[in-house]
Amino acid sequence: MSDRPVVTRIAPSPTGSMHIGTARTALFNWLYARHTGGKFLLRVEDTDRERSTEAAVQVIFEGLKWLGLEADEPPVFQATRAERHREVAHEMLATGGAYRDYMTPEELEAEREVARAEGRVVRSPWRDADPATWPADRPFAVRLKSPLDGETLVDDQVKGLIRFQNQNLDDLIVLRSDGTPTYNLAVVVDDHDMGITHVIRGDDHVNNTARQTLIYKALGWEAPVFAHLPLIYGPDGLKLSKRHGAQAVGEFEEMGYLPEAMRNYLAKLGWGHGDDEIFSDEQAAAWFDIKDVVSAPARLDWAKLNHLNNHYIRQAEPARLTALIAGIHETRGRQIDAAARVVLERTIPLVRDGAKTLPELADATVFVLEARPLTLPEKALGLLTDETRARLSRLRDGLGAEADWTVAALDARIRAFAEQEGVGLGKFGPALRSCLAGGSPAPDLAGALVSLGREESLSRLDDALSPAN
C-alpha cells in the first residue's frame, strides 16, 4: 500500500434495520480513520431497488448519527453510479481482462452440471474466443477472465495471509446481459473512485475479497488493505439471532443505552487495550490499530454492557438525562411541563447510581411526578399507626423549621430526630418514605425530600397525616 492518507468506509445496504455487527464495523472504520488522521466515508449500497427503501436509508443515517459515527463527507449512493460501473466493465473488455459470454440460460445450466460432475468451477466456452468472432446482435454478459492456475493472496490485517487457489475461482460476471453491474464490480469501482485505502468489513466478505482482488488486478489498480472482522455471537456462543434479544442499533437505543456506552462496548467486541474496560473516544482513537483486532468471534455480554451504561449514566449531564427521561415519561402517557423538568433534573443525580438503562432511571423518578394527594397503598396505610402518625407529625414540624434543604442537612436532622425519639430509623423511615413516594421507588429519605423540594415534601406529609388517611 502506498503512503496515501488513510480513507475507510462503511457500506451498508438499506434493506432493513442496522445490525449491531454493522455498527461495530462502522466504529472500527471510524476509529482507524481517527487513529491515522484519515477520513471515514459512507456509501449506501442501494442497487437492490426492490428492497432498498428511503425509510431504510434513513435508518442507516439515524443509526450512525445516534452512535456519533457520522461520515466526513456526504454519502455516496451506489445506484447512481451504474453508468460508471458499465464504463469500467467495457474498459476490461477492451484490455482483455474480461470477455463477452454469450451462453444462454440453458447452456449455462448444462455447463454447471458438467462442472459439478467434474469437480470444477464453471468455465464459459467463450472465454478464449477471438473478439473478432463476438456476435454483434446477441445478448451477452461480461465475465472477468480469471487466472486458471496459481494463487490469489490476501494479506488480511486480522486473519493473516489468506490463500485462494485460482483454479477454484470462476470467471465471475461483472456485467449482466441486461447491462446491470454486479456487486463485486460495483464495490471495486466505488472503492477505487472514493480513494478507499482500507476495507474493514465482516469476515462473511472473505470470498468476495478474492474475486475483488482479481478485478483490481485486471484493471491495473492498486488494491486496498483488507481486514475482515469476526462475527458477533450471542452469550451462548451461537450466531447472534432474535433469541438473544436486541440485534438492531435502534433496539439498543429504545432499550435505553447511551451512544457513548455502545461505542465503548462495541470497541471491546474483538479489540481491547490491556485491562482497560472504560475509555473515552479520544483514548480509543489513540490506541486503536486494526492489526490488534482478534480473529476469534466476539460474544455479546449483557452484564458488561449494562455495567458500562450505568457508568455513563452516572457521568452524563443531568440536563441531558432529563431530556431523555422526559421523553420516556411522555411515551408512557405523562405530560412533562417545564416545572416537571426542573424537578426531574434535581432528582436524577440522587437516583441514577443504580440505573443500568434509561427506562430504569425513568422508573426511579416516577415518585416526583405523582400528583397530590397520593393514593397510598394498603401496605403504606398499615404503617401509619397512631404512634407513627404522631411521630411523623413531630418530624414534619422539625422539617418545616429546617433552613438548609440539602441532603446532608436533612439526613442529619432525621438522624437527630430518631435519637431524640429514642428509636431507630426503622420505626418511622418506611412510613415516611410511603408518605413521600406512595408505592413508587424512591432514594434515601433525605434524597427524596430534596428531590421533591420543601413545599412538595411538606404538603405530601400533610396529606398523608390528614384525618382522611
# chains A, B, ... in the order shown; residues from 1 in each chain; ligands from 1

$ residues_around --residues "His329 (chain A)" --least-positions-apart "2" --cutoff "10 Å" --atoms "only C-alpha atoms" --output "list in words"
Leu324, Ile325, Ala326, Gly327, Thr331, Arg332, Gly333, Arg334, Gln335, Ile336, Pro359, Ala362, Asp363, Thr365, Val366 and Leu369 of chain A

$ select_by_dssp --residues "region 94-335 of chain A" --states "alpha helix (DSSP H)" --output "PyMOL selection string"
chain A and resi 94-95+105-118+183-193+206-219+249-254+259-268+281-287+302-315+318-331

$ residues_around --residues "Gln78 (chain A)" --least-positions-apart "5" --cutoff "7 Å" --atoms "only C-alpha atoms" --output "PDB file with N, CA, C and O atoms, in the first residue's frame"
ATOM      1  N   ARG A  43     -20.942   4.842   2.113  1.00  0.00           N
ATOM      2  CA  ARG A  43     -21.538   4.518   0.816  1.00  0.00           C
ATOM      3  C   ARG A  43     -22.789   3.676   1.053  1.00  0.00           C
ATOM      4  O   ARG A  43     -22.728   2.665   1.770  1.00  0.00           O
ATOM      5  N   VAL A  44     -23.887   4.078   0.484  1.00  0.00           N
ATOM      6  CA  VAL A  44     -25.133   3.328   0.605  1.00  0.00           C
ATOM      7  C   VAL A  44     -25.252   2.410  -0.605  1.00  0.00           C
ATOM      8  O   VAL A  44     -25.385   2.877  -1.738  1.00  0.00           O
ATOM      9  N   GLU A  45     -25.173   1.112  -0.364  1.00  0.00           N
ATOM     10  CA  GLU A  45     -25.203   0.148  -1.473  1.00  0.00           C
ATOM     11  C   GLU A  45     -26.658  -0.234  -1.751  1.00  0.00           C
ATOM     12  O   GLU A  45     -27.164  -1.270  -1.305  1.00  0.00           O
ATOM     13  N   ASP A  46     -27.297   0.625  -2.535  1.00  0.00           N
ATOM     14  CA  ASP A  46     -28.739   0.564  -2.766  1.00  0.00           C
ATOM     15  C   ASP A  46     -29.090   0.042  -4.148  1.00  0.00           C
ATOM     16  O   ASP A  46     -30.091   0.454  -4.740  1.00  0.00           O
ATOM     17  N   THR A  47     -28.290  -0.877  -4.668  1.00  0.00           N
ATOM     18  CA  THR A  47     -28.549  -1.378  -6.022  1.00  0.00           C
ATOM     19  C   THR A  47     -29.712  -2.361  -6.070  1.00  0.00           C
ATOM     20  O   THR A  47     -30.262  -2.612  -7.138  1.00  0.00           O
TER      21      THR A  47
END

$ closest_residue --among "A:Lys291, A:Arg86, A:His19, A:Arg314" --to "His198 (chain A)" --atoms "only C-alpha atoms"
A:Lys291

$ residues_around --residues "Trp405 (chain A)" --least-positions-apart "2" --cutoff "10 Å" --atoms "only C-alpha atoms" --output "VMD selection string"
chain A and resid 399 to 400 402 to 403 407 to 411 446 449 to 450 453 to 454

$ write_last_selection --atoms "C-alpha atoms" --output "tab-separated table (two decimals), in the first residue's frame"
chain	number	residue	atom	x	y	z
A	399	LEU	CA	-38.51	19.65	58.79
A	400	GLY	CA	-40.61	22.77	58.40
A	402	GLU	CA	-35.09	23.41	58.54
A	403	ALA	CA	-33.42	26.29	56.69
A	407	VAL	CA	-29.22	16.06	51.58
A	408	ALA	CA	-26.56	16.47	54.28
A	409	ALA	CA	-28.64	18.79	56.45
A	410	LEU	CA	-31.84	16.78	56.11
A	411	ASP	CA	-30.07	13.49	56.77
A	446	ALA	CA	-33.07	12.87	52.61
A	449	LEU	CA	-37.03	15.24	50.38
A	450	VAL	CA	-34.50	17.16	48.28
A	453	GLY	CA	-38.43	20.16	47.34
A	454	ARG	CA	-39.55	21.74	50.60

$ atom_distance --atom1 "CA of Glu222 (chain A)" --atom2 "CA of Thr25 (chain A)"
23.0 Å

$ residues_around --residues "region 199-203 of chain A" --least-positions-apart "4" --cutoff "12 Å" --atoms "only C-alpha atoms" --output "ChimeraX atom specification"
/A:6-12,19-33,40-41,156-159,162,187-188,190-192,194-195,207-209,212-213,223-232,270,289-291,293,295-297

$ select_by_dssp --residues "region 198-431 of chain A" --states "strand (DSSP E)" --output "PyMOL selection string"
chain A and resi 198-202+225-229+232-233+298-299

$ residues_around --residues "region 309-312 of chain A" --least-positions-apart "5" --cutoff "12 Å" --atoms "only C-alpha atoms" --output "PyMOL selection string"
chain A and resi 252-253+255-265+277-280+302-304+317-318+320-321+351-361

$ closest_residue --among "A:Arg460, A:Arg120, A:Lys239, A:His85" --to "Leu374 (chain A)" --atoms "only C-alpha atoms"
A:Arg460

$ closest_residue --among "A:Arg127, A:Thr80, A:Gln420, A:Asp292" --to "Gly160 (chain A)" --atoms "only C-alpha atoms"
A:Asp292

$ closest_residue --among "A:Gln167, A:Gln58, A:Ser146, A:Ser434" --to "Gly97 (chain A)" --atoms "only C-alpha atoms"
A:Ser146

$ closest_residue --among "A:Leu461, A:Leu344, A:Leu175, A:Val121" --to "Ala390 (chain A)" --atoms "only C-alpha atoms"
A:Leu461

$ closest_residue --among "A:Leu219, A:Ala55, A:Leu108, A:Leu69" --to "Gly96 (chain A)" --atoms "only C-alpha atoms"
A:Leu219

$ atom_distance --atom1 "CA of Arg394 (chain A)" --atom2 "CA of Glu421 (chain A)"
9.8 Å

$ atom_distance --atom1 "CA of Glu370 (chain A)" --atom2 "CA of Ser440 (chain A)"
9.1 Å

$ residues_around --residues "Thr53 (chain A)" --least-positions-apart "2" --cutoff "7 Å" --atoms "only C-alpha atoms" --output "MDAnalysis selection string"
chainID A and resid 14:15 51 55:57

$ decode --residues "region 161-194 of chain A" --atoms "N, CA, C and O atoms" --output "PDB file, in the first residue's frame"
ATOM      1  N   LEU A 161      -2.355 -14.036   6.363  1.00  0.00           N
ATOM      2  CA  LEU A 161      -2.286 -14.327   4.935  1.00  0.00           C
ATOM      3  C   LEU A 161      -3.330 -15.378   4.553  1.00  0.00           C
ATOM      4  O   LEU A 161      -3.365 -16.467   5.114  1.00  0.00           O
ATOM      5  N   ILE A 162      -4.178 -15.032   3.576  1.00  0.00           N
ATOM      6  CA  ILE A 162      -5.212 -15.951   3.081  1.00  0.00           C
ATOM      7  C   ILE A 162      -4.855 -16.322   1.647  1.00  0.00           C
ATOM      8  O   ILE A 162      -4.575 -15.446   0.817  1.00  0.00           O
ATOM      9  N   ARG A 163      -4.868 -17.618   1.376  1.00  0.00           N
ATOM     10  CA  ARG A 163      -4.535 -18.113   0.036  1.00  0.00           C
ATOM     11  C   ARG A 163      -5.781 -18.654  -0.655  1.00  0.00           C
ATOM     12  O   ARG A 163      -6.542 -19.421  -0.061  1.00  0.00           O
ATOM     13  N   PHE A 164      -5.988 -18.254  -1.874  1.00  0.00           N
ATOM     14  CA  PHE A 164      -7.080 -18.754  -2.700  1.00  0.00           C
ATOM     15  C   PHE A 164      -6.478 -19.410  -3.941  1.00  0.00           C
ATOM     16  O   PHE A 164      -5.646 -18.788  -4.630  1.00  0.00           O
ATOM     17  N   GLN A 165      -6.864 -20.642  -4.210  1.00  0.00           N
ATOM     18  CA  GLN A 165      -6.415 -21.322  -5.421  1.00  0.00           C
ATOM     19  C   GLN A 165      -7.224 -20.809  -6.605  1.00  0.00           C
ATOM     20  O   GLN A 165      -8.454 -20.917  -6.623  1.00  0.00           O
ATOM     21  N   ASN A 166      -6.537 -20.246  -7.570  1.00  0.00           N
ATOM     22  CA  ASN A 166      -7.242 -19.627  -8.698  1.00  0.00           C
ATOM     23  C   ASN A 166      -8.102 -20.606  -9.476  1.00  0.00           C
ATOM     24  O   ASN A 166      -9.123 -20.215 -10.056  1.00  0.00           O
ATOM     25  N   GLN A 167      -7.696 -21.866  -9.499  1.00  0.00           N
ATOM     26  CA  GLN A 167      -8.492 -22.850 -10.237  1.00  0.00           C
ATOM     27  C   GLN A 167      -9.885 -23.017  -9.629  1.00  0.00           C
ATOM     28  O   GLN A 167     -10.803 -23.530 -10.278  1.00  0.00           O
ATOM     29  N   ASN A 168     -10.044 -22.568  -8.380  1.00  0.00           N
ATOM     30  CA  ASN A 168     -11.345 -22.681  -7.713  1.00  0.00           C
ATOM     31  C   ASN A 168     -12.176 -21.401  -7.797  1.00  0.00           C
ATOM     32  O   ASN A 168     -13.275 -21.346  -7.240  1.00  0.00           O
ATOM     33  N   LEU A 169     -11.616 -20.398  -8.478  1.00  0.00           N
ATOM     34  CA  LEU A 169     -12.335 -19.137  -8.629  1.00  0.00           C
ATOM     35  C   LEU A 169     -12.878 -19.038 -10.048  1.00  0.00           C
ATOM     36  O   LEU A 169     -12.117 -19.052 -11.014  1.00  0.00           O
ATOM     37  N   ASP A 170     -14.194 -18.935 -10.178  1.00  0.00           N
ATOM     38  CA  ASP A 170     -14.789 -18.911 -11.511  1.00  0.00           C
ATOM     39  C   ASP A 170     -14.641 -17.535 -12.156  1.00  0.00           C
ATOM     40  O   ASP A 170     -14.178 -16.584 -11.529  1.00  0.00           O
ATOM     41  N   ASP A 171     -14.992 -17.485 -13.419  1.00  0.00           N
ATOM     42  CA  ASP A 171     -14.990 -16.213 -14.143  1.00  0.00           C
ATOM     43  C   ASP A 171     -16.289 -15.475 -13.795  1.00  0.00           C
ATOM     44  O   ASP A 171     -17.313 -15.605 -14.478  1.00  0.00           O
ATOM     45  N   LEU A 172     -16.253 -14.706 -12.727  1.00  0.00           N
ATOM     46  CA  LEU A 172     -17.497 -14.106 -12.261  1.00  0.00           C
ATOM     47  C   LEU A 172     -18.013 -13.070 -13.247  1.00  0.00           C
ATOM     48  O   LEU A 172     -17.240 -12.399 -13.954  1.00  0.00           O
ATOM     49  N   ILE A 173     -19.322 -12.969 -13.290  1.00  0.00           N
ATOM     50  CA  ILE A 173     -19.972 -11.971 -14.139  1.00  0.00           C
ATOM     51  C   ILE A 173     -19.792 -10.601 -13.508  1.00  0.00           C
ATOM     52  O   ILE A 173     -20.034 -10.408 -12.310  1.00  0.00           O
ATOM     53  N   VAL A 174     -19.345  -9.636 -14.282  1.00  0.00           N
ATOM     54  CA  VAL A 174     -19.221  -8.265 -13.790  1.00  0.00           C
ATOM     55  C   VAL A 174     -20.305  -7.361 -14.374  1.00  0.00           C
ATOM     56  O   VAL A 174     -20.604  -6.304 -13.816  1.00  0.00           O
ATOM     57  N   LEU A 175     -20.882  -7.777 -15.515  1.00  0.00           N
ATOM     58  CA  LEU A 175     -21.975  -7.021 -16.122  1.00  0.00           C
ATOM     59  C   LEU A 175     -22.976  -8.017 -16.674  1.00  0.00           C
ATOM     60  O   LEU A 175     -22.625  -8.869 -17.491  1.00  0.00           O
ATOM     61  N   ARG A 176     -24.223  -7.927 -16.202  1.00  0.00           N
ATOM     62  CA  ARG A 176     -25.244  -8.874 -16.648  1.00  0.00           C
ATOM     63  C   ARG A 176     -25.678  -8.555 -18.068  1.00  0.00           C
ATOM     64  O   ARG A 176     -25.416  -7.466 -18.594  1.00  0.00           O
ATOM     65  N   SER A 177     -26.387  -9.495 -18.649  1.00  0.00           N
ATOM     66  CA  SER A 177     -26.806  -9.323 -20.052  1.00  0.00           C
ATOM     67  C   SER A 177     -27.786  -8.167 -20.230  1.00  0.00           C
ATOM     68  O   SER A 177     -27.942  -7.647 -21.332  1.00  0.00           O
ATOM     69  N   ASP A 178     -28.440  -7.747 -19.130  1.00  0.00           N
ATOM     70  CA  ASP A 178     -29.345  -6.591 -19.235  1.00  0.00           C
ATOM     71  C   ASP A 178     -28.614  -5.277 -18.974  1.00  0.00           C
ATOM     72  O   ASP A 178     -29.238  -4.204 -18.906  1.00  0.00           O
ATOM     73  N   GLY A 179     -27.286  -5.356 -18.799  1.00  0.00           N
ATOM     74  CA  GLY A 179     -26.487  -4.148 -18.631  1.00  0.00           C
ATOM     75  C   GLY A 179     -26.317  -3.687 -17.198  1.00  0.00           C
ATOM     76  O   GLY A 179     -25.693  -2.642 -16.964  1.00  0.00           O
ATOM     77  N   THR A 180     -26.833  -4.448 -16.252  1.00  0.00           N
ATOM     78  CA  THR A 180     -26.676  -4.035 -14.855  1.00  0.00           C
ATOM     79  C   THR A 180     -25.376  -4.596 -14.286  1.00  0.00           C
ATOM     80  O   THR A 180     -25.051  -5.767 -14.482  1.00  0.00           O
ATOM     81  N   PRO A 181     -24.633  -3.780 -13.571  1.00  0.00           N
ATOM     82  CA  PRO A 181     -23.373  -4.245 -12.982  1.00  0.00           C
ATOM     83  C   PRO A 181     -23.634  -5.136 -11.777  1.00  0.00           C
ATOM     84  O   PRO A 181     -24.661  -5.029 -11.109  1.00  0.00           O
ATOM     85  N   THR A 182     -22.708  -6.034 -11.499  1.00  0.00           N
ATOM     86  CA  THR A 182     -22.840  -6.921 -10.344  1.00  0.00           C
ATOM     87  C   THR A 182     -22.170  -6.293  -9.124  1.00  0.00           C
ATOM     88  O   THR A 182     -21.397  -5.341  -9.220  1.00  0.00           O
ATOM     89  N   TYR A 183     -22.470  -6.874  -7.983  1.00  0.00           N
ATOM     90  CA  TYR A 183     -21.997  -6.344  -6.700  1.00  0.00           C
ATOM     91  C   TYR A 183     -20.476  -6.189  -6.666  1.00  0.00           C
ATOM     92  O   TYR A 183     -19.957  -5.124  -6.300  1.00  0.00           O
ATOM     93  N   ASN A 184     -19.750  -7.225  -7.009  1.00  0.00           N
ATOM     94  CA  ASN A 184     -18.293  -7.193  -6.856  1.00  0.00           C
ATOM     95  C   ASN A 184     -17.643  -6.120  -7.730  1.00  0.00           C
ATOM     96  O   ASN A 184     -16.697  -5.453  -7.301  1.00  0.00           O
ATOM     97  N   LEU A 185     -18.153  -5.947  -8.937  1.00  0.00           N
ATOM     98  CA  LEU A 185     -17.605  -4.890  -9.787  1.00  0.00           C
ATOM     99  C   LEU A 185     -17.916  -3.521  -9.187  1.00  0.00           C
ATOM    100  O   LEU A 185     -17.038  -2.655  -9.096  1.00  0.00           O
ATOM    101  N   ALA A 186     -19.165  -3.318  -8.788  1.00  0.00           N
ATOM    102  CA  ALA A 186     -19.572  -2.018  -8.255  1.00  0.00           C
ATOM    103  C   ALA A 186     -18.744  -1.650  -7.031  1.00  0.00           C
ATOM    104  O   ALA A 186     -18.309  -0.499  -6.876  1.00  0.00           O
ATOM    105  N   VAL A 187     -18.500  -2.610  -6.153  1.00  0.00           N
ATOM    106  CA  VAL A 187     -17.729  -2.344  -4.939  1.00  0.00           C
ATOM    107  C   VAL A 187     -16.306  -1.916  -5.286  1.00  0.00           C
ATOM    108  O   VAL A 187     -15.778  -0.949  -4.729  1.00  0.00           O
ATOM    109  N   VAL A 188     -15.670  -2.640  -6.204  1.00  0.00           N
ATOM    110  CA  VAL A 188     -14.296  -2.311  -6.582  1.00  0.00           C
ATOM    111  C   VAL A 188     -14.231  -0.914  -7.199  1.00  0.00           C
ATOM    112  O   VAL A 188     -13.368  -0.096  -6.832  1.00  0.00           O
ATOM    113  N   VAL A 189     -15.124  -0.630  -8.124  1.00  0.00           N
ATOM    114  CA  VAL A 189     -15.091   0.674  -8.795  1.00  0.00           C
ATOM    115  C   VAL A 189     -15.345   1.792  -7.793  1.00  0.00           C
ATOM    116  O   VAL A 189     -14.642   2.822  -7.790  1.00  0.00           O
ATOM    117  N   ASP A 190     -16.340   1.596  -6.922  1.00  0.00           N
ATOM    118  CA  ASP A 190     -16.657   2.648  -5.953  1.00  0.00           C
ATOM    119  C   ASP A 190     -15.527   2.852  -4.954  1.00  0.00           C
ATOM    120  O   ASP A 190     -15.173   3.990  -4.621  1.00  0.00           O
ATOM    121  N   ASP A 191     -14.952   1.765  -4.451  1.00  0.00           N
ATOM    122  CA  ASP A 191     -13.844   1.911  -3.501  1.00  0.00           C
ATOM    123  C   ASP A 191     -12.658   2.617  -4.168  1.00  0.00           C
ATOM    124  O   ASP A 191     -12.004   3.469  -3.555  1.00  0.00           O
ATOM    125  N   HIS A 192     -12.391   2.272  -5.417  1.00  0.00           N
ATOM    126  CA  HIS A 192     -11.288   2.920  -6.140  1.00  0.00           C
ATOM    127  C   HIS A 192     -11.567   4.407  -6.323  1.00  0.00           C
ATOM    128  O   HIS A 192     -10.711   5.253  -6.029  1.00  0.00           O
ATOM    129  N   ASP A 193     -12.765   4.724  -6.802  1.00  0.00           N
ATOM    130  CA  ASP A 193     -13.084   6.116  -7.097  1.00  0.00           C
ATOM    131  C   ASP A 193     -13.192   6.968  -5.832  1.00  0.00           C
ATOM    132  O   ASP A 193     -12.943   8.182  -5.868  1.00  0.00           O
ATOM    133  N   MET A 194     -13.569   6.356  -4.716  1.00  0.00           N
ATOM    134  CA  MET A 194     -13.678   7.078  -3.443  1.00  0.00           C
ATOM    135  C   MET A 194     -12.328   7.176  -2.733  1.00  0.00           C
ATOM    136  O   MET A 194     -12.226   7.821  -1.684  1.00  0.00           O
TER     137      MET A 194
END
